[in-house]
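Student: Right, I'll just put the structure down here and ask away after.
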Amino acid sequence: TEQIGEILDEIVSPQLPPEQPDFSDGYNYINYAGNSCVCLEYYVDTGVDYLYIYRRTEGTSWKRIAKVEGRGKCDCYMECFCEDFAYRHFYDEDVKTGTTYYYTIKAENEMGFSTYDKTGVKITYVEAPQLTKLSNEAEGVRISWKSVKGVDGYYIYREDRTNYKTTKIATIKKPSTQSYFDTTVKSGGKYIYSIKAYYGESLSAHDYLYTEHIAAPKITSVKNEKDGIRVNWNGVSGAKEYIVYRKTANTGWTRLGVTKELSFVDSTVKNGTA
């Protein structure tokens, strides 16, 4: 019985073992648990009881990192149903940014072991930064994220949901940076922001968040009237309603009301209050 970490130099059965399996793809990824990792895609043929996944780095030998269930013998007449379960994913979270990994896989059934790809799939792991917040501000959108160690920097992307065009809007060359302010958005615009870390020419998986930018309305006048103080402002694209606040020299901001108009009368003011 193989042990985890055993070197991959077993004898191949001379009978009728499974055919050599291959990884169909490998890439940096964020899995369903929200963890940055390397994702490996592979196909499981019928008649395979187990699959063994191996990994190595430059100058080292193959070591087994996982044993996963195969498909066994398939007598199912619903071939399409079986095919749905033939493509699998394996997530390797025990990885370090900037390290190049090679992966290979082999199969086992009651007749023995398959051969394996001695070159393997090559992947340089880059940890994915996590977007934490998109903040609408008066002049644009502020993007915030958790920085990651060991990377060279970040690429910021923005997708315009009106035409689905994605544009790289910034390259951040300082790895400790945790925010970027986008001043090129339009009020009423709907956007998806994403971020990738880069290490040399290798890229991490991307994290993304959605926002609709509403610019801040600008007050045009404040006038005393018989019933109180009237505040007027310019309308902004994309706004459906406006929330009016007030503060005095001795108090913080207080919400007064909501309106669809471009003016509001504050009837609660007191004479002589600034």
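If you're wondering about the labels, chains in the structure tokens are A, B, ... by order shown, residues count from 1 in each chain, ligands from 1 in order shown.
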Using only C-alpha atoms, which residues of stretch 9-59 of chain A come within 6 Å of stretch 100-111 of chain A, and what is the closest atom pair for each, with the distance in Å to one decimal? Give it as a tab-separated table, sorted by chain and residue number.
Tutor:
residue	atom	partner	partner_atom	distance
A:Leu16	CA	A:Met111	CA	5.8
A:Pro17	CA	A:Met111	CA	5.0
A:Pro21	CA	A:Lys106	CA	5.8
A:Val48	CA	A:Asn109	CA	5.2
A:Asp49	CA	A:Asn109	CA	5.0
A:Tyr50	CA	A:Glu108	CA	5.2
A:Leu51	CA	A:Ala107	CA	4.5
A:Tyr52	CA	A:Lys106	CA	5.4
A:Ile53	CA	A:Ile105	CA	4.6
A:Tyr54	CA	A:Thr104	CA	5.3
A:Arg55	CA	A:Tyr103	CA	4.5
A:Arg56	CA	A:Tyr102	CA	5.3
A:Thr57	CA	A:Tyr101	CA	4.9
Student: Please run DSSP on the backbone and report, as a ChimeraX atom specification, all residues within stretch 27-271 of chain A that come out as strand (DSSP E or B).
Tutor: /A:27-30,36-43,48-57,63-72,87-92,100-109,112-113,121-124,130-137,140-146,153-160,165-172,179-182,190-199,202-203,207-212,219-225,228-233,242-246,254-259,263-266
Student: What does the distance from atom CA of A:Asp266 to atom CA of A:Lys218 come to in Å, to one decimal?
Tutor: 17.3 Å
Student: Find the residues near A:Asn224: any atom within 12 Å, counting only C-alpha atoms, skip ones fewer than 3 places away on the same chain, and give them as a list in words.
Tutor: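 Within the cut-off, the hits are Ser221, Asp227, Gly228, Ile229, Arg230, Val231, Asn232, Phe264, Val265, Asp266, Ser267, Val269, Lys270, Asn271 and Gly272 of chain A.
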Student: Using C-alpha atoms, can you export the residues from the last selection as a short mmCIF file (atom, residue, chain, number, x, y, z; two decimals), in the first residue's frame?
Tutor:
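As written to disk, out_16.cif reads:
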data_model
loop_
_atom_site.label_atom_id
_atom_site.label_comp_id
_atom_site.auth_asym_id
_atom_site.auth_seq_id
_atom_site.Cartn_x
_atom_site.Cartn_y
_atom_site.Cartn_z
CA SER A 221 -28.70 77.10 -3.24
CA ASP A 227 -41.97 77.66 6.25
CA GLY A 228 -38.27 76.91 6.80
CA ILE A 229 -35.11 76.53 4.74
CA ARG A 230 -35.27 75.34 1.13
CA VAL A 231 -32.32 73.38 -0.22
CA ASN A 232 -31.90 73.00 -4.01
CA PHE A 264 -36.44 70.04 -0.03
CA VAL A 265 -37.90 72.35 2.64
CA ASP A 266 -36.64 71.81 6.17
CA SER A 267 -39.55 72.96 8.35
CA VAL A 269 -35.33 74.52 11.90
CA LYS A 270 -35.33 77.00 14.80
CA ASN A 271 -34.67 80.71 14.53
CA GLY A 272 -31.08 81.69 15.16
#
Student: I need the residues of stretch 81-139 of chain A that end up classed as helix (DSSP H, G or I) by DSSP on the backbone, written out as a compact mmCIF listing (two decimals) with N, CA and C atoms, in the first residue's frame.
Tutor:
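Generated file (result.txt):
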# COMPACT_ATOMS: atom_id res chain seq x y z
N PHE A 81 -25.17 10.40 -18.41
CA PHE A 81 -25.15 10.62 -16.96
C PHE A 81 -23.78 10.27 -16.40
N CYS A 82 -23.20 9.19 -16.87
CA CYS A 82 -21.87 8.80 -16.39
C CYS A 82 -20.83 9.83 -16.80
N GLU A 83 -20.98 10.38 -18.01
CA GLU A 83 -20.01 11.36 -18.48
C GLU A 83 -20.01 12.61 -17.60
N ASP A 84 -21.17 12.96 -17.04
CA ASP A 84 -21.25 14.13 -16.16
C ASP A 84 -20.33 13.98 -14.95
Student: Near A:Gly257, within 8 Å and counting only C-alpha atoms, which residues show up once chain neighbours fewer than 5 positions away are dropped, as a list in words?
Tutor: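 After dropping sequence-adjacent residues, the list is Ile243, Val244 and Tyr245 of chain A.
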Student: Write out as a list in words each polymer residue whose atoms come within 7 Å of A:Tyr155, counting only C-alpha atoms; drop sequence neighbours fewer than 3 positions from it.
Tutor: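 Non-adjacent residues within range: Lys168, Ala170, Thr171, Ile172, Ile195, Lys196 and Ala197 of chain A.
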Student: So how many Å separate atom CA of A:Ile65 and atom CA of A:Arg88, to one decimal?
Tutor: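 Separation of atom CA of A:Ile65 and atom CA of A:Arg88: 16.2 Å.
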Student: Would you mind listing what lies within 10 Å of A:Ser187 as a PyMOL selection string, with only C-alpha atoms counted and same-chain residues fewer than 2 positions away left out?
Tutor: chain A and resi 138-140+184-185+189-190+212-216+236-239
Student: From the set A:Ala249, A:Ile192, A:Val38, A:Val148, which residue has the shortest atom-to-atom contact distance to A:Thr166, counting only C-alpha atoms?
Tutor: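 Nearest to A:Thr166: A:Ile192.
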Student: Any idea what's packed within 6 Å of stretch 203-207 of chain A, counting only C-alpha atoms, ignoring anything in its chain fewer than 5 positions away? Could you give it as a short mmCIF file (atom, residue, chain, number, x, y, z; two decimals) with all heavy atoms, in the first residue's frame?
Tutor:
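Output (result-v3.cif):
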data_model
loop_
_atom_site.label_atom_id
_atom_site.label_comp_id
_atom_site.auth_asym_id
_atom_site.auth_seq_id
_atom_site.Cartn_x
_atom_site.Cartn_y
_atom_site.Cartn_z
N ASN A 28 -4.46 28.68 -11.50
CA ASN A 28 -4.71 29.29 -10.20
C ASN A 28 -6.20 29.58 -10.07
O ASN A 28 -6.85 29.98 -11.04
CB ASN A 28 -3.89 30.58 -10.04
CG ASN A 28 -2.41 30.30 -9.91
OD1 ASN A 28 -2.00 29.44 -9.14
ND2 ASN A 28 -1.58 31.02 -10.67
N TYR A 29 -6.73 29.41 -8.84
CA TYR A 29 -8.18 29.38 -8.70
C TYR A 29 -8.58 29.81 -7.29
O TYR A 29 -7.77 29.78 -6.36
CB TYR A 29 -8.66 27.94 -8.97
CG TYR A 29 -10.14 27.75 -9.06
CD1 TYR A 29 -10.88 28.29 -10.10
CD2 TYR A 29 -10.82 26.99 -8.10
CE1 TYR A 29 -12.24 28.09 -10.20
CE2 TYR A 29 -12.19 26.79 -8.19
CZ TYR A 29 -12.89 27.34 -9.24
OH TYR A 29 -14.25 27.14 -9.33
N VAL A 126 0.21 31.75 -7.79
CA VAL A 126 0.13 33.14 -7.31
C VAL A 126 -1.15 33.26 -6.50
O VAL A 126 -2.25 32.99 -7.01
CB VAL A 126 0.11 34.15 -8.48
CG1 VAL A 126 0.10 35.58 -7.93
CG2 VAL A 126 1.30 33.95 -9.41
N GLU A 127 -1.01 33.66 -5.25
CA GLU A 127 -2.19 33.77 -4.38
C GLU A 127 -3.10 34.89 -4.85
O GLU A 127 -2.66 35.96 -5.26
CB GLU A 127 -1.76 34.04 -2.94
CG GLU A 127 -2.93 34.11 -1.96
CD GLU A 127 -2.50 34.37 -0.53
OE1 GLU A 127 -1.27 34.37 -0.28
OE2 GLU A 127 -3.37 34.57 0.34
N ALA A 128 -4.41 34.65 -4.78
CA ALA A 128 -5.39 35.64 -5.23
C ALA A 128 -5.70 36.64 -4.12
O ALA A 128 -5.98 36.24 -2.99
CB ALA A 128 -6.68 34.94 -5.66
N GLN A 130 -8.14 39.29 -2.17
CA GLN A 130 -9.58 39.28 -1.93
C GLN A 130 -10.12 40.71 -1.90
O GLN A 130 -9.70 41.53 -1.10
CB GLN A 130 -9.90 38.59 -0.60
CG GLN A 130 -11.39 38.56 -0.28
CD GLN A 130 -11.67 37.97 1.09
OE1 GLN A 130 -10.77 37.49 1.75
NE2 GLN A 130 -12.91 38.03 1.52
N SER A 194 -12.70 43.68 -10.79
CA SER A 194 -11.95 42.47 -10.44
C SER A 194 -10.49 42.81 -10.26
O SER A 194 -10.00 43.83 -10.76
CB SER A 194 -12.13 41.38 -11.51
OG SER A 194 -11.66 41.82 -12.77
N ILE A 195 -9.79 41.95 -9.54
CA ILE A 195 -8.38 42.17 -9.25
C ILE A 195 -7.63 40.86 -9.37
O ILE A 195 -8.12 39.80 -8.98
CB ILE A 195 -8.20 42.78 -7.84
CG1 ILE A 195 -6.72 43.10 -7.57
CG2 ILE A 195 -8.79 41.90 -6.77
CD1 ILE A 195 -6.49 43.90 -6.30
N LYS A 196 -6.43 40.94 -9.94
CA LYS A 196 -5.51 39.80 -10.02
C LYS A 196 -4.15 40.23 -9.50
O LYS A 196 -3.71 41.35 -9.76
CB LYS A 196 -5.35 39.30 -11.46
CG LYS A 196 -6.59 38.67 -12.07
CD LYS A 196 -6.28 38.19 -13.49
CE LYS A 196 -7.49 37.56 -14.14
NZ LYS A 196 -7.18 37.08 -15.52
N ALA A 197 -3.49 39.35 -8.78
CA ALA A 197 -2.10 39.58 -8.41
C ALA A 197 -1.21 39.01 -9.52
O ALA A 197 -1.60 38.05 -10.20
CB ALA A 197 -1.78 38.91 -7.08
N TYR A 198 -0.04 39.61 -9.70
CA TYR A 198 0.89 39.07 -10.68
C TYR A 198 2.26 38.83 -10.05
O TYR A 198 2.68 39.54 -9.14
CB TYR A 198 1.00 39.97 -11.92
CG TYR A 198 1.64 41.33 -11.69
CD1 TYR A 198 3.02 41.51 -11.80
CD2 TYR A 198 0.86 42.45 -11.39
CE1 TYR A 198 3.61 42.75 -11.61
CE2 TYR A 198 1.44 43.70 -11.21
CZ TYR A 198 2.81 43.85 -11.31
OH TYR A 198 3.38 45.07 -11.12
#
Student: One decimal, in Å: what's the spacing between atom CA of A:Leu131 and atom CA of A:Ser144?
Tutor: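 Distance between the two atoms: 6.0 Å.
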Student: Which residue, A:Cys37, A:Val44, A:Val222, A:Ile123, has the smallest gap to A:Arg71 when you use only C-alpha atoms?
Tutor: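 The answer is A:Val44, which sits nearest to A:Arg71.
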Student: Taking into account only C-alpha atoms, which residue in the set A:Lys240, A:Lys146, A:Arg64, A:Arg246 is nearest to A:Pro175?
Tutor: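 Between A:Lys240, A:Lys146, A:Arg64, A:Arg246, the residue approaching A:Pro175 most closely is A:Lys146.
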Student: Which residue out of A:Thr177, A:Thr60, A:Asn31, A:Gln20 has the minimum interatomic distance to A:Tyr43 when only C-alpha atoms are used?
Tutor: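 Among the listed residues, A:Gln20 lies closest to A:Tyr43.
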Student: Which is closer to A:Asp117 than all the others in A:Tyr91, A:Tyr199, A:Tyr210, A:Trp62, using only C-alpha atoms?
Tutor: A:Trp62
Student: Which residue is closest to A:Tyr157? Choose from A:Asp94, A:Val258, A:Ser179, A:Tyr193 and count only C-alpha atoms.
Tutor: A:Tyr193
